[in-house]
$ cat coords.cif   # mmCIF, C-alpha atoms (C1' of nucleotides)
data_entry
#
loop_
_atom_site.label_atom_id
_atom_site.label_comp_id
_atom_site.auth_asym_id
_atom_site.auth_seq_id
_atom_site.Cartn_x
_atom_site.Cartn_y
_atom_site.Cartn_z
CA MET D 1 0.00 0.00 0.00
CA ASN D 2 2.99 2.20 0.50
CA GLN D 3 4.11 0.89 -2.82
CA LYS D 4 1.51 2.89 -4.69
CA ALA D 5 2.42 6.06 -2.90
CA ARG D 6 6.08 5.50 -3.59
CA THR D 7 5.52 4.88 -7.28
CA ARG D 8 3.35 7.92 -7.56
CA THR D 9 5.82 10.23 -5.92
CA ALA D 10 8.63 8.75 -7.99
CA ILE D 11 6.76 9.73 -11.14
CA VAL D 12 5.92 13.18 -9.88
CA ARG D 13 9.47 13.73 -8.74
CA ALA D 14 10.73 12.70 -12.15
CA VAL D 15 8.61 15.45 -13.65
CA HIS D 16 10.12 17.94 -11.25
CA GLU D 17 13.63 16.90 -12.17
CA LEU D 18 12.99 17.09 -15.88
CA ALA D 19 11.25 20.43 -15.54
CA ARG D 20 14.07 21.82 -13.46
CA SER D 21 16.64 20.67 -15.98
CA GLY D 22 14.58 22.15 -18.76
CA ALA D 23 14.47 18.85 -20.63
CA GLU D 24 11.58 18.04 -22.87
CA ILE D 25 8.84 16.34 -20.95
CA THR D 26 7.18 13.32 -22.51
CA MET D 27 5.61 10.26 -20.99
CA PRO D 28 8.49 8.03 -22.07
CA SER D 29 11.08 10.41 -20.64
CA VAL D 30 9.23 10.76 -17.36
CA ALA D 31 8.75 7.01 -17.06
CA LYS D 32 12.39 6.38 -17.76
CA ALA D 33 13.48 8.99 -15.23
CA ALA D 34 11.15 7.48 -12.66
CA LEU D 35 12.41 3.96 -13.38
CA VAL D 36 8.89 2.91 -14.15
CA SER D 37 7.31 1.49 -17.25
CA GLU D 38 5.24 3.79 -19.39
CA ALA D 39 2.22 1.59 -18.73
CA THR D 40 2.55 2.20 -15.03
CA ALA D 41 2.79 5.94 -15.52
CA TYR D 42 -0.47 5.83 -17.44
CA ARG D 43 -2.01 3.76 -14.67
CA TYR D 44 -1.42 6.56 -12.22
CA PHE D 45 -2.20 9.45 -14.52
CA PRO D 46 -4.65 9.21 -17.42
CA ASP D 47 -2.63 11.55 -19.59
CA LEU D 48 0.41 13.79 -19.66
CA VAL D 49 -1.51 16.97 -18.90
CA THR D 50 -3.06 15.49 -15.79
CA LEU D 51 0.34 14.33 -14.62
CA LEU D 52 1.84 17.76 -15.16
CA LEU D 53 -1.09 19.29 -13.35
CA GLU D 54 -0.63 17.12 -10.31
CA ALA D 55 3.12 17.53 -10.39
CA ASP D 56 2.59 21.25 -10.38
CA ASP D 57 0.19 21.03 -7.50
CA GLY D 58 1.86 21.84 -4.26
CA THR D 59 4.88 23.44 -5.89
CA TRP D 60 3.32 26.82 -5.34
CA PRO D 61 3.22 28.51 -1.99
CA ASP D 62 0.00 29.88 -0.69
CA PRO D 63 -0.82 33.17 -2.44
CA ALA D 64 -0.74 34.98 0.88
CA VAL D 65 2.75 33.68 1.55
CA ALA D 66 3.92 34.47 -1.95
CA LEU D 67 2.71 38.03 -1.53
CA ALA D 68 4.27 38.48 1.90
CA PRO D 69 6.79 41.03 0.61
CA VAL D 70 3.93 43.36 -0.24
CA ALA D 71 1.78 42.34 2.69
CA ASP D 72 1.94 45.75 4.25
CA SER D 73 0.90 47.52 1.08
CA THR D 74 -2.70 48.14 0.21
CA ASP D 75 -1.90 49.63 -3.16
CA PRO D 76 -3.46 47.22 -5.64
CA VAL D 77 -1.13 48.33 -8.41
CA GLU D 78 1.93 47.54 -6.37
CA ARG D 79 0.53 44.26 -5.14
CA MET D 80 -0.69 43.13 -8.55
CA GLY D 81 2.62 43.95 -10.17
CA PHE D 82 4.38 41.85 -7.60
CA ALA D 83 1.90 39.02 -7.99
CA ALA D 84 2.41 39.04 -11.74
CA LYS D 85 6.14 38.80 -11.30
CA VAL D 86 5.81 35.92 -8.89
CA LEU D 87 3.63 33.97 -11.26
CA LEU D 88 5.62 34.64 -14.38
CA ASP D 89 8.93 33.86 -12.72
CA GLY D 90 7.37 30.62 -11.60
CA VAL D 91 6.38 29.85 -15.16
CA LEU D 92 9.89 30.54 -16.40
CA ALA D 93 11.28 28.17 -13.80
CA ASN D 94 9.16 25.36 -15.21
CA GLU D 95 8.96 26.44 -18.78
CA SER D 96 9.24 23.04 -20.40
CA ALA D 97 6.50 21.60 -18.24
CA VAL D 98 4.23 24.54 -18.79
CA ARG D 99 4.72 24.46 -22.52
CA ALA D 100 3.93 20.76 -22.60
CA MET D 101 0.82 21.43 -20.58
CA ILE D 102 -0.42 24.17 -22.85
CA ALA D 103 0.37 22.22 -25.98
CA GLY D 104 -1.52 19.27 -24.64
CA SER D 105 -4.56 21.19 -23.50
CA ILE D 106 -5.01 23.74 -26.25
CA THR D 107 -6.72 21.22 -28.47
CA ARG D 108 -8.81 19.89 -25.60
CA PRO D 109 -10.51 22.71 -23.74
CA GLU D 110 -12.14 20.25 -21.32
CA VAL D 111 -8.72 19.34 -20.01
CA ALA D 112 -7.63 22.94 -19.97
CA ALA D 113 -10.50 23.85 -17.72
CA ARG D 114 -8.84 21.81 -15.01
CA ARG D 115 -5.67 23.80 -15.25
CA PRO D 116 -4.46 25.14 -11.96
CA GLY D 117 -5.75 28.44 -10.72
CA HIS D 118 -2.43 29.82 -9.58
CA ARG D 119 -3.19 32.98 -11.44
CA PHE D 120 -6.63 33.37 -9.95
CA GLY D 121 -5.41 32.78 -6.43
CA LEU D 122 -2.66 35.32 -6.85
CA ILE D 123 -4.88 37.86 -8.53
CA ASP D 124 -7.49 37.61 -5.82
CA ALA D 125 -4.93 37.82 -3.08
CA ALA D 126 -3.30 40.82 -4.67
CA LEU D 127 -6.58 42.60 -5.12
CA ALA D 128 -8.13 41.61 -1.80
CA PRO D 129 -7.15 44.65 0.27
CA ALA D 130 -8.65 47.00 -2.29
CA ALA D 131 -11.47 44.84 -3.60
CA ASP D 132 -14.13 46.84 -1.85
CA ARG D 133 -13.08 49.94 -3.69
CA LEU D 134 -14.60 48.44 -6.83
CA ASP D 135 -18.16 47.44 -7.60
CA PRO D 136 -18.61 43.68 -8.18
CA ALA D 137 -18.92 44.05 -11.95
CA GLY D 138 -15.81 46.15 -12.18
CA LEU D 139 -13.89 43.72 -10.04
CA ALA D 140 -14.99 40.78 -12.16
CA ARG D 141 -13.92 42.64 -15.25
CA LEU D 142 -10.53 43.44 -13.83
CA ARG D 143 -9.99 39.85 -12.85
CA ARG D 144 -10.70 38.77 -16.40
CA ASP D 145 -8.40 41.42 -17.79
CA LEU D 146 -5.65 40.25 -15.50
CA ALA D 147 -6.25 36.56 -16.14
CA VAL D 148 -5.25 37.12 -19.73
CA VAL D 149 -2.10 39.03 -18.94
CA VAL D 150 -0.89 37.22 -15.85
CA GLY D 151 -0.41 33.85 -17.42
CA ALA D 152 1.97 31.61 -19.28
CA GLU D 153 0.27 32.21 -22.61
CA ALA D 154 0.93 35.93 -22.30
CA LEU D 155 4.55 35.28 -21.47
CA PHE D 156 5.04 32.99 -24.44
CA THR D 157 3.35 35.47 -26.72
CA LEU D 158 5.88 38.06 -25.67
CA THR D 159 8.91 35.82 -26.02
CA ASP D 160 7.93 33.78 -29.05
CA LEU D 161 6.00 36.30 -31.12
CA CYS D 162 7.32 39.63 -29.97
CA GLY D 163 10.84 38.32 -29.63
CA LEU D 164 11.42 39.63 -26.14
CA GLY D 165 13.96 38.09 -23.83
CA ARG D 166 12.59 36.14 -20.90
CA GLN D 167 13.18 38.85 -18.35
CA ASP D 168 11.95 41.58 -20.64
CA ALA D 169 8.82 39.58 -21.26
CA VAL D 170 8.16 39.26 -17.55
CA GLU D 171 8.75 42.95 -17.09
CA SER D 172 6.41 43.79 -19.92
CA ALA D 173 3.62 41.62 -18.58
CA VAL D 174 4.10 43.04 -15.11
CA HIS D 175 3.76 46.50 -16.56
CA THR D 176 0.59 45.52 -18.37
CA ALA D 177 -0.89 44.08 -15.20
CA ARG D 178 -0.08 47.25 -13.33
CA THR D 179 -1.61 49.38 -16.04
CA LEU D 180 -4.84 47.41 -16.02
CA THR D 181 -5.07 47.50 -12.27
CA GLY D 182 -4.34 51.18 -12.17
CA ALA D 183 -6.96 51.87 -14.82
CA ALA D 184 -9.57 49.90 -12.91
CA PHE D 185 -8.92 51.82 -9.74
CA GLY D 186 -9.00 55.13 -11.49
CA ASP D 187 -5.35 55.90 -11.04
CA ARG D 188 -3.53 57.88 -13.60
CA MET S 1 4.10 23.35 -64.21
CA ASN S 2 0.54 24.34 -63.54
CA GLN S 3 0.27 21.00 -61.87
CA LYS S 4 2.29 22.13 -58.88
CA ALA S 5 0.21 25.23 -58.47
CA ARG S 6 -2.97 23.24 -58.66
CA THR S 7 -1.85 20.71 -56.11
CA ARG S 8 -0.74 23.43 -53.77
CA THR S 9 -4.00 25.33 -53.95
CA ALA S 10 -5.94 22.09 -53.56
CA ILE S 11 -4.16 21.46 -50.28
CA VAL S 12 -4.62 25.00 -49.07
CA ARG S 13 -8.25 24.97 -50.04
CA ALA S 14 -8.74 21.73 -48.15
CA VAL S 15 -7.48 23.49 -45.05
CA HIS S 16 -9.97 26.27 -45.59
CA GLU S 17 -12.84 23.83 -45.91
CA LEU S 18 -11.89 21.91 -42.82
CA ALA S 19 -11.37 25.10 -40.85
CA ARG S 20 -14.70 26.49 -41.96
CA SER S 21 -16.48 23.30 -40.99
CA GLY S 22 -14.71 23.33 -37.65
CA ALA S 23 -13.33 19.83 -38.18
CA GLU S 24 -10.12 18.79 -36.56
CA ILE S 25 -7.18 19.60 -38.78
CA THR S 26 -4.47 17.00 -39.19
CA MET S 27 -2.18 16.21 -42.08
CA PRO S 28 -4.05 13.00 -42.91
CA SER S 29 -7.40 14.78 -42.90
CA VAL S 30 -6.12 17.62 -45.06
CA ALA S 31 -4.49 15.24 -47.51
CA LYS S 32 -7.64 13.20 -47.78
CA ALA S 33 -9.79 16.28 -48.32
CA ALA S 34 -7.39 17.51 -50.98
CA LEU S 35 -7.35 14.11 -52.70
CA VAL S 36 -3.61 14.01 -52.31
CA SER S 37 -1.33 11.59 -50.55
CA GLU S 38 0.10 12.61 -47.22
CA ALA S 39 3.58 12.37 -48.73
CA THR S 40 2.66 14.98 -51.29
CA ALA S 41 1.28 17.30 -48.65
CA TYR S 42 4.58 17.09 -46.84
CA ARG S 43 6.41 17.77 -50.09
CA TYR S 44 4.67 21.12 -50.38
CA PHE S 45 4.72 22.05 -46.73
CA PRO S 46 7.41 20.90 -44.32
CA ASP S 47 5.00 20.63 -41.43
CA LEU S 48 1.42 21.24 -40.36
CA VAL S 49 2.11 24.61 -38.82
CA THR S 50 3.71 25.93 -41.97
CA LEU S 51 0.77 24.73 -43.99
CA LEU S 52 -1.70 26.41 -41.67
CA LEU S 53 0.36 29.55 -41.81
CA GLU S 54 0.30 29.67 -45.58
CA ALA S 55 -3.35 28.74 -45.71
CA ASP S 56 -4.07 31.60 -43.39
CA ASP S 57 -2.07 33.97 -45.50
CA GLY S 58 -4.27 36.02 -47.77
CA THR S 59 -7.44 35.21 -45.85
CA TRP S 60 -7.15 38.49 -44.05
CA PRO S 61 -7.99 41.77 -45.64
CA ASP S 62 -5.56 44.61 -45.47
CA PRO S 63 -5.66 46.19 -42.01
CA ALA S 64 -6.70 49.50 -43.54
CA VAL S 65 -9.63 47.83 -45.25
CA ALA S 66 -10.59 45.91 -42.14
CA LEU S 67 -10.65 49.14 -40.18
CA ALA S 68 -12.65 51.02 -42.77
CA PRO S 69 -15.70 51.28 -40.49
CA VAL S 70 -13.67 53.40 -38.09
CA ALA S 71 -11.66 55.12 -40.78
CA ASP S 72 -13.09 58.50 -39.94
CA SER S 73 -12.33 58.19 -36.26
CA THR S 74 -9.04 59.28 -34.80
CA ASP S 75 -9.87 58.05 -31.34
CA PRO S 76 -7.34 55.31 -30.67
CA VAL S 77 -9.57 53.68 -28.08
CA GLU S 78 -12.43 53.36 -30.50
CA ARG S 79 -10.19 52.17 -33.30
CA MET S 80 -8.30 49.68 -31.18
CA GLY S 81 -11.49 48.21 -29.77
CA PHE S 82 -12.76 47.69 -33.28
CA ALA S 83 -9.47 46.19 -34.42
CA ALA S 84 -9.52 43.77 -31.51
CA LYS S 85 -13.00 42.65 -32.40
CA VAL S 86 -12.03 42.14 -36.03
CA LEU S 87 -9.09 39.98 -35.10
CA LEU S 88 -10.83 37.93 -32.46
CA ASP S 89 -13.87 37.31 -34.62
CA GLY S 90 -11.50 36.13 -37.29
CA VAL S 91 -9.89 33.73 -34.84
CA LEU S 92 -13.27 32.35 -33.86
CA ALA S 93 -14.12 31.76 -37.51
CA ASN S 94 -11.05 29.55 -37.85
CA GLU S 95 -10.81 28.23 -34.37
CA SER S 96 -9.80 24.67 -35.19
CA ALA S 97 -6.99 25.82 -37.46
CA VAL S 98 -5.75 28.37 -34.97
CA ARG S 99 -5.78 25.87 -32.15
CA ALA S 100 -3.84 23.39 -34.25
CA MET S 101 -1.35 26.11 -35.08
CA ILE S 102 -0.80 27.12 -31.47
CA ALA S 103 -0.58 23.54 -30.29
CA GLY S 104 2.02 22.82 -32.92
CA SER S 105 4.12 25.89 -32.30
CA ILE S 106 4.01 26.24 -28.54
CA THR S 107 6.69 23.60 -28.12
CA ARG S 108 8.75 25.04 -30.97
CA PRO S 109 9.24 28.77 -30.52
CA GLU S 110 11.28 28.98 -33.73
CA VAL S 111 8.22 28.00 -35.70
CA ALA S 112 6.01 30.30 -33.67
CA ALA S 113 8.18 33.25 -34.57
CA ARG S 114 6.97 32.86 -38.12
CA ARG S 115 3.37 33.16 -37.09
CA PRO S 116 1.44 35.77 -39.01
CA GLY S 117 1.45 39.32 -37.83
CA HIS S 118 -2.23 39.96 -38.25
CA ARG S 119 -2.33 41.35 -34.79
CA PHE S 120 0.61 43.64 -35.34
CA GLY S 121 -0.76 44.97 -38.61
CA LEU S 122 -4.12 45.67 -37.04
CA ILE S 123 -2.65 47.21 -33.92
CA ASP S 124 -0.43 49.52 -35.91
CA ALA S 125 -3.22 50.51 -38.23
CA ALA S 126 -5.54 51.19 -35.33
CA LEU S 127 -2.98 53.28 -33.53
CA ALA S 128 -1.58 55.07 -36.57
CA PRO S 129 -3.72 58.22 -36.46
CA ALA S 130 -2.78 58.85 -32.86
CA ALA S 131 0.72 57.39 -32.82
CA ASP S 132 2.37 60.77 -32.70
CA ARG S 133 0.60 61.56 -29.47
CA LEU S 134 2.87 59.06 -27.75
CA ASP S 135 6.63 59.01 -27.36
CA PRO S 136 8.34 56.08 -29.12
CA ALA S 137 8.94 54.17 -25.91
CA GLY S 138 5.37 54.54 -24.79
CA LEU S 139 4.10 53.45 -28.16
CA ALA S 140 6.30 50.38 -28.16
CA ARG S 141 5.06 49.51 -24.70
CA LEU S 142 1.45 49.87 -25.72
CA ARG S 143 1.99 47.67 -28.74
CA ARG S 144 3.42 44.96 -26.53
CA ASP S 145 0.55 45.31 -24.08
CA LEU S 146 -1.92 44.96 -26.90
CA ALA S 147 -0.09 42.08 -28.58
CA VAL S 148 -0.80 39.98 -25.52
CA VAL S 149 -4.46 40.85 -25.34
CA VAL S 150 -5.37 41.01 -29.00
CA GLY S 151 -4.56 37.45 -29.87
CA ALA S 152 -5.85 33.94 -30.04
CA GLU S 153 -4.08 32.89 -26.86
CA ALA S 154 -5.92 35.57 -24.92
CA LEU S 155 -9.21 34.43 -26.39
CA PHE S 156 -8.61 30.81 -25.49
CA THR S 157 -7.56 31.78 -22.00
CA LEU S 158 -10.88 33.49 -21.55
CA THR S 159 -12.98 30.66 -22.97
CA ASP S 160 -11.05 27.65 -21.71
CA LEU S 161 -9.83 28.86 -18.33
CA CYS S 162 -12.26 31.55 -17.37
CA GLY S 163 -15.20 29.68 -18.83
CA LEU S 164 -16.54 32.57 -20.84
CA GLY S 165 -18.69 32.03 -23.90
CA ARG S 166 -17.11 32.82 -27.22
CA GLN S 167 -18.84 36.15 -27.65
CA ASP S 168 -18.30 37.14 -24.05
CA ALA S 169 -14.65 36.32 -24.42
CA VAL S 170 -14.34 38.55 -27.46
CA GLU S 171 -16.12 41.31 -25.64
CA SER S 172 -13.89 40.97 -22.63
CA ALA S 173 -10.71 41.09 -24.69
CA VAL S 174 -12.02 44.09 -26.61
CA HIS S 175 -12.64 45.82 -23.34
CA THR S 176 -9.15 45.03 -22.15
CA ALA S 177 -7.65 46.38 -25.35
CA ARG S 178 -9.65 49.57 -24.98
CA THR S 179 -8.59 49.95 -21.38
CA LEU S 180 -4.92 49.59 -22.22
CA THR S 181 -5.17 51.99 -25.10
CA GLY S 182 -7.03 54.51 -23.01
CA ALA S 183 -4.51 54.24 -20.23
CA ALA S 184 -1.64 54.82 -22.63
CA PHE S 185 -3.24 57.93 -24.03
CA GLY S 186 -4.04 59.29 -20.64
CA ASP S 187 -7.80 58.96 -20.95
CA ARG S 188 -9.87 58.18 -17.99
"C1'" DT G 1 9.85 8.20 -81.01
"C1'" DC G 2 12.90 7.55 -77.23
"C1'" DC G 3 14.45 9.18 -72.99
"C1'" DT G 4 14.89 12.02 -69.13
"C1'" DT G 5 12.64 14.79 -65.82
"C1'" DC G 6 9.09 15.42 -62.63
"C1'" DA G 7 4.92 15.03 -59.72
"C1'" DT G 8 2.99 11.71 -57.09
"C1'" DG G 9 1.63 7.53 -54.61
"C1'" DA G 10 2.64 3.62 -51.83
"C1'" DG G 11 4.72 1.90 -48.06
"C1'" DA G 12 7.98 1.31 -44.34
"C1'" DG G 13 10.01 3.36 -40.29
"C1'" DT G 14 10.39 6.42 -35.99
"C1'" DT G 15 8.55 8.81 -32.00
"C1'" DG G 16 5.07 10.31 -28.78
"C1'" DA G 17 0.34 9.86 -26.81
"C1'" DC G 18 -2.52 6.54 -25.51
"C1'" DT G 19 -5.23 1.88 -24.79
"C1'" DC G 20 -5.40 -2.97 -23.80
"C1'" DT G 21 -4.16 -7.55 -22.75
"C1'" DC G 22 -1.37 -11.00 -20.63
"C1'" DA G 23 1.53 -12.80 -17.42
"C1'" DC G 24 4.86 -12.67 -13.63
"C1'" DG G 25 6.17 -11.98 -8.96
"C1'" DA G 26 5.45 -10.32 -4.29
"C1'" DA G 27 2.51 -9.74 -0.30
"C1'" DG G 28 -1.37 -10.56 2.52
"C1'" DA G 29 -5.41 -13.91 3.79
"C1'" DG G 30 -7.00 -18.05 5.40
"C1'" DC U 1 1.61 -23.14 3.33
"C1'" DT U 2 -1.55 -22.45 -0.42
"C1'" DC U 3 -4.69 -19.05 -2.85
"C1'" DT U 4 -5.90 -14.68 -4.29
"C1'" DT U 5 -5.07 -9.99 -4.95
"C1'" DC U 6 -2.28 -6.38 -6.53
"C1'" DG U 7 1.38 -3.61 -8.60
"C1'" DT U 8 4.02 -4.00 -12.64
"C1'" DG U 9 6.36 -4.84 -16.93
"C1'" DA U 10 6.24 -6.32 -21.60
"C1'" DG U 11 4.37 -6.00 -25.82
"C1'" DA U 12 1.03 -5.20 -29.37
"C1'" DG U 13 -2.00 -1.88 -31.54
"C1'" DT U 14 -3.89 2.86 -33.13
"C1'" DC U 15 -3.32 7.54 -34.62
"C1'" DA U 16 -0.79 11.64 -35.82
"C1'" DA U 17 3.55 13.98 -37.12
"C1'" DC U 18 7.17 13.32 -39.80
"C1'" DT U 19 11.10 11.22 -42.88
"C1'" DC U 20 12.74 8.31 -46.62
"C1'" DT U 21 12.93 5.32 -50.37
"C1'" DC U 22 11.21 3.25 -54.43
"C1'" DA U 23 8.40 2.74 -58.35
"C1'" DT U 24 5.14 4.44 -61.80
"C1'" DG U 25 3.15 7.23 -65.08
"C1'" DA U 26 2.75 11.45 -67.57
"C1'" DA U 27 4.86 15.43 -69.83
"C1'" DG U 28 8.44 17.63 -72.38
"C1'" DG U 29 12.81 17.65 -75.00
"C1'" DA U 30 15.93 15.86 -78.46
#
$ encode --input "coords.cif" --output "structure tokens"
Amino acid sequence: MNQKARTRTAIVRAVHELARSGAEITMPSVAKAALVSEATAYRYFPDLVTLLLEADDGTWPDPAVALAPVADSTDPVERMGFAAKVLLDGVLANESAVRAMIAGSITRPEVAARRPGHRFGLIDAALAPAADRLDPAGLARLRRDLAVVVGAEALFTLTDLCGLGRQDAVESAVHTARTLTGAAFGDR
Amino acid sequence: MNQKARTRTAIVRAVHELARSGAEITMPSVAKAALVSEATAYRYFPDLVTLLLEADDGTWPDPAVALAPVADSTDPVERMGFAAKVLLDGVLANESAVRAMIAGSITRPEVAARRPGHRFGLIDAALAPAADRLDPAGLARLRRDLAVVVGAEALFTLTDLCGLGRQDAVESAVHTARTLTGAAFGDR
DNA sequence: TCCTTCATGAGAGTTGACTCTCACGAAGAG
DNA sequence: CTCTTCGTGAGAGTCAACTCTCATGAAGGA
């Protein structure tokens, strides 16, 4: 009974290793790294995306903890900018895994719907102190605006299509998030 | 010699048909629809993404033409909102092809770099009348902001992750584009 | 007319994402 | 100390993205 848990963690850990090393992540490569047969990997996780999802789960600190450095600020612009940086840096640290996840889910929206809500947790946490300064509709709209910008797809658009460097891309997206937040709160 | 041209257009046209019908687009399905062997399809186009790229080429009207309805407006917010809607509606009309293209290029940034610049053409055209109201750096920043929002990835983020309907997603992205443009031009 | 060039098809092969079946070996149950 | 259950591995099979080779048939040139 411990066997199952051990196998499972071995597979998940293999994903972490591969992601950290930046290697391409495929079921065969993960299985090999985990010293498990591919069949076994599929027994534990129905598909690659699900595996990546679960491997990703738990890698992220609680939004409140992640935003600790701006805990004493109530300025939503400042907080949101920081939250964006946290998320995007996290994406960069696991780029190969995130790319594999997006590639695998883009043609299957049902699977994509289960994608982790890191961005939503961070956005909500960043906005929380100032949320009551917005009417519900405006807040919902801002969250949607930010969901588009504070995400891996936005980052890859900036690097792959706009040709920005990784850090420049993060900086650009952070700026966009700040702009949107500022606009929503009526800043100038 | 006309033979090659005919084969090529047959393949491209097959892509258009499949995209219009919303069917899944794969090399085998395109080849079958074009009454061509898969080998021949690969002779004309090195890979699926390239084929989709070329098939997409020429489907879009000139940005100036596409923005004709707002030709007499110099309000960048108005123009950019319209441009965003044009682009996103176009994406929706070819969703299966666009998804296949993104899925195929997300794991190969080199290929993605060749993706069409519809968004850039539209953004520039929309901003043109007011471009001189911004300093070069500010304009470049705005273009990057908009490139993230006015794109298929943004649309799919809204539908697949946020759960919005297709039209709501377009509307949301249009709003975001307007907000960013307004913020850049100092509107309120 | 003969011959070369050329467009194409057929088919095999590779890799990754999966699915399924079969059988082995270890561990717990009686 | 058997018997069953369970976790696994091996291997075959499908489909898509490609890559390569070989053969055929049609078109154009000499």
$ residues_around --input "coords.cif" --residues "Thr74 in chain D" --least-positions-apart "4" --cutoff "10 Å" --atoms "only C-alpha atoms (C1' of nucleotides)" --output "ChimeraX atom specification"
/D:70,78-79,126-130
$ interface_residues --input "coords.cif" --of "chain U" --to "chain D" --cutoff "12 Å" --atoms "all atoms listed in the file" --output "JSON list (two decimals) with C-alpha atoms (C1' of nucleotides), in the frame of the given file"
[["chain", "number", "residue", "atom", "x", "y", "z"],
["U", 6, "DC", "C1'", -2.28, -6.38, -6.53],
["U", 7, "DG", "C1'", 1.38, -3.61, -8.60],
["U", 8, "DT", "C1'", 4.02, -4.00, -12.64],
["U", 9, "DG", "C1'", 6.36, -4.84, -16.93],
["U", 10, "DA", "C1'", 6.24, -6.32, -21.60],
["U", 11, "DG", "C1'", 4.37, -6.00, -25.82]]
$ residues_around --input "coords.cif" --residues "range 25-29 of chain U" --least-positions-apart "2" --cutoff "10 Å" --atoms "all atoms listed in the file" --output "list in words"
Met1 of chain S; DC3, DT4, DT5, DC6, DA7 and DT8 of chain G; DA23 of chain U
$ closest_atom_pairs --input "coords.cif" --of "chain D" --to "chain S" --cutoff "8 Å" --atoms "all atoms listed in the file" --output "JSON lines"
{"residue": "D:Arg99", "atom": "CA", "partner": "S:Thr107", "partner_atom": "CA", "distance": 6.0}
{"residue": "D:Ala100", "atom": "CA", "partner": "S:Thr107", "partner_atom": "CA", "distance": 6.8}
{"residue": "D:Ile102", "atom": "CA", "partner": "S:Ala103", "partner_atom": "CA", "distance": 7.5}
{"residue": "D:Ala103", "atom": "CA", "partner": "S:Ala103", "partner_atom": "CA", "distance": 4.6}
{"residue": "D:Gly104", "atom": "CA", "partner": "S:Ala103", "partner_atom": "CA", "distance": 7.1}
{"residue": "D:Ile106", "atom": "CA", "partner": "S:Ala103", "partner_atom": "CA", "distance": 6.0}
{"residue": "D:Thr107", "atom": "CA", "partner": "S:Arg99", "partner_atom": "CA", "distance": 6.0}
{"residue": "D:Pro109", "atom": "CA", "partner": "S:Asp160", "partner_atom": "CA", "distance": 5.4}
{"residue": "D:Glu110", "atom": "CA", "partner": "S:Asp160", "partner_atom": "CA", "distance": 7.5}
{"residue": "D:Ala112", "atom": "CA", "partner": "S:Asp160", "partner_atom": "CA", "distance": 6.1}
{"residue": "D:Ala113", "atom": "CA", "partner": "S:Leu161", "partner_atom": "CA", "distance": 5.1}
{"residue": "D:Arg114", "atom": "CA", "partner": "S:Leu161", "partner_atom": "CA", "distance": 7.9}
{"residue": "D:Arg115", "atom": "CA", "partner": "S:Leu161", "partner_atom": "CA", "distance": 7.2}
{"residue": "D:Arg141", "atom": "CA", "partner": "S:Ser172", "partner_atom": "CA", "distance": 7.6}
{"residue": "D:Arg144", "atom": "CA", "partner": "S:Ser172", "partner_atom": "CA", "distance": 7.3}
{"residue": "D:Asp145", "atom": "CA", "partner": "S:Thr176", "partner_atom": "CA", "distance": 5.7}
{"residue": "D:Ala147", "atom": "CA", "partner": "S:Thr157", "partner_atom": "CA", "distance": 7.7}
{"residue": "D:Val148", "atom": "CA", "partner": "S:Ala154", "partner_atom": "CA", "distance": 5.5}
{"residue": "D:Val149", "atom": "CA", "partner": "S:Val148", "partner_atom": "CA", "distance": 6.8}
{"residue": "D:Glu153", "atom": "CA", "partner": "S:Glu153", "partner_atom": "CA", "distance": 6.1}
{"residue": "D:Ala154", "atom": "CA", "partner": "S:Val148", "partner_atom": "CA", "distance": 5.5}
{"residue": "D:Phe156", "atom": "CA", "partner": "S:Ile106", "partner_atom": "CA", "distance": 8.0}
{"residue": "D:Thr157", "atom": "CA", "partner": "S:Val148", "partner_atom": "CA", "distance": 6.2}
{"residue": "D:Leu158", "atom": "CA", "partner": "S:Val148", "partner_atom": "CA", "distance": 7.0}
{"residue": "D:Asp160", "atom": "CA", "partner": "S:Pro109", "partner_atom": "CA", "distance": 5.4}
{"residue": "D:Leu161", "atom": "CA", "partner": "S:Ala113", "partner_atom": "CA", "distance": 5.1}
{"residue": "D:Cys162", "atom": "CA", "partner": "S:Arg144", "partner_atom": "CA", "distance": 7.4}
{"residue": "D:Gly163", "atom": "CA", "partner": "S:Ala113", "partner_atom": "CA", "distance": 7.6}
{"residue": "D:Ser172", "atom": "CA", "partner": "S:Asp145", "partner_atom": "CA", "distance": 7.3}
{"residue": "D:Ala173", "atom": "CA", "partner": "S:Asp145", "partner_atom": "CA", "distance": 7.3}
{"residue": "D:Thr176", "atom": "CA", "partner": "S:Asp145", "partner_atom": "CA", "distance": 5.7}
{"residue": "D:Thr179", "atom": "CA", "partner": "S:Leu180", "partner_atom": "CA", "distance": 7.0}
{"residue": "D:Leu180", "atom": "CA", "partner": "S:Leu180", "partner_atom": "CA", "distance": 6.6}
{"residue": "D:Ala183", "atom": "CA", "partner": "S:Ala183", "partner_atom": "CA", "distance": 6.4}
{"residue": "D:Gly186", "atom": "CA", "partner": "S:Arg188", "partner_atom": "CA", "distance": 7.2}
{"residue": "D:Arg188", "atom": "CA", "partner": "S:Gly186", "partner_atom": "CA", "distance": 7.2}
$ atom_distance --input "coords.cif" --atom1 "CA of Ala55 in chain D" --atom2 "CA of Val12 in chain D"
5.2 Å
$ atom_distance --input "coords.cif" --atom1 "CA of Val86 in chain S" --atom2 "CA of Arg20 in chain S"
16.9 Å
$ axis_aligned_box --input "coords.cif" --around "range 11-21 of chain G" --padding-each-side "4 Å" --output "AutoDock Vina command-line options"
--center_x 2.5 --center_y 1.4 --center_z -35.4 --size_x 23.8 --size_y 25.9 --size_z 33.3
$ atom_distance --input "coords.cif" --atom1 "CA of Lys85 in chain D" --atom2 "CA of Glu171 in chain D"
7.6 Å
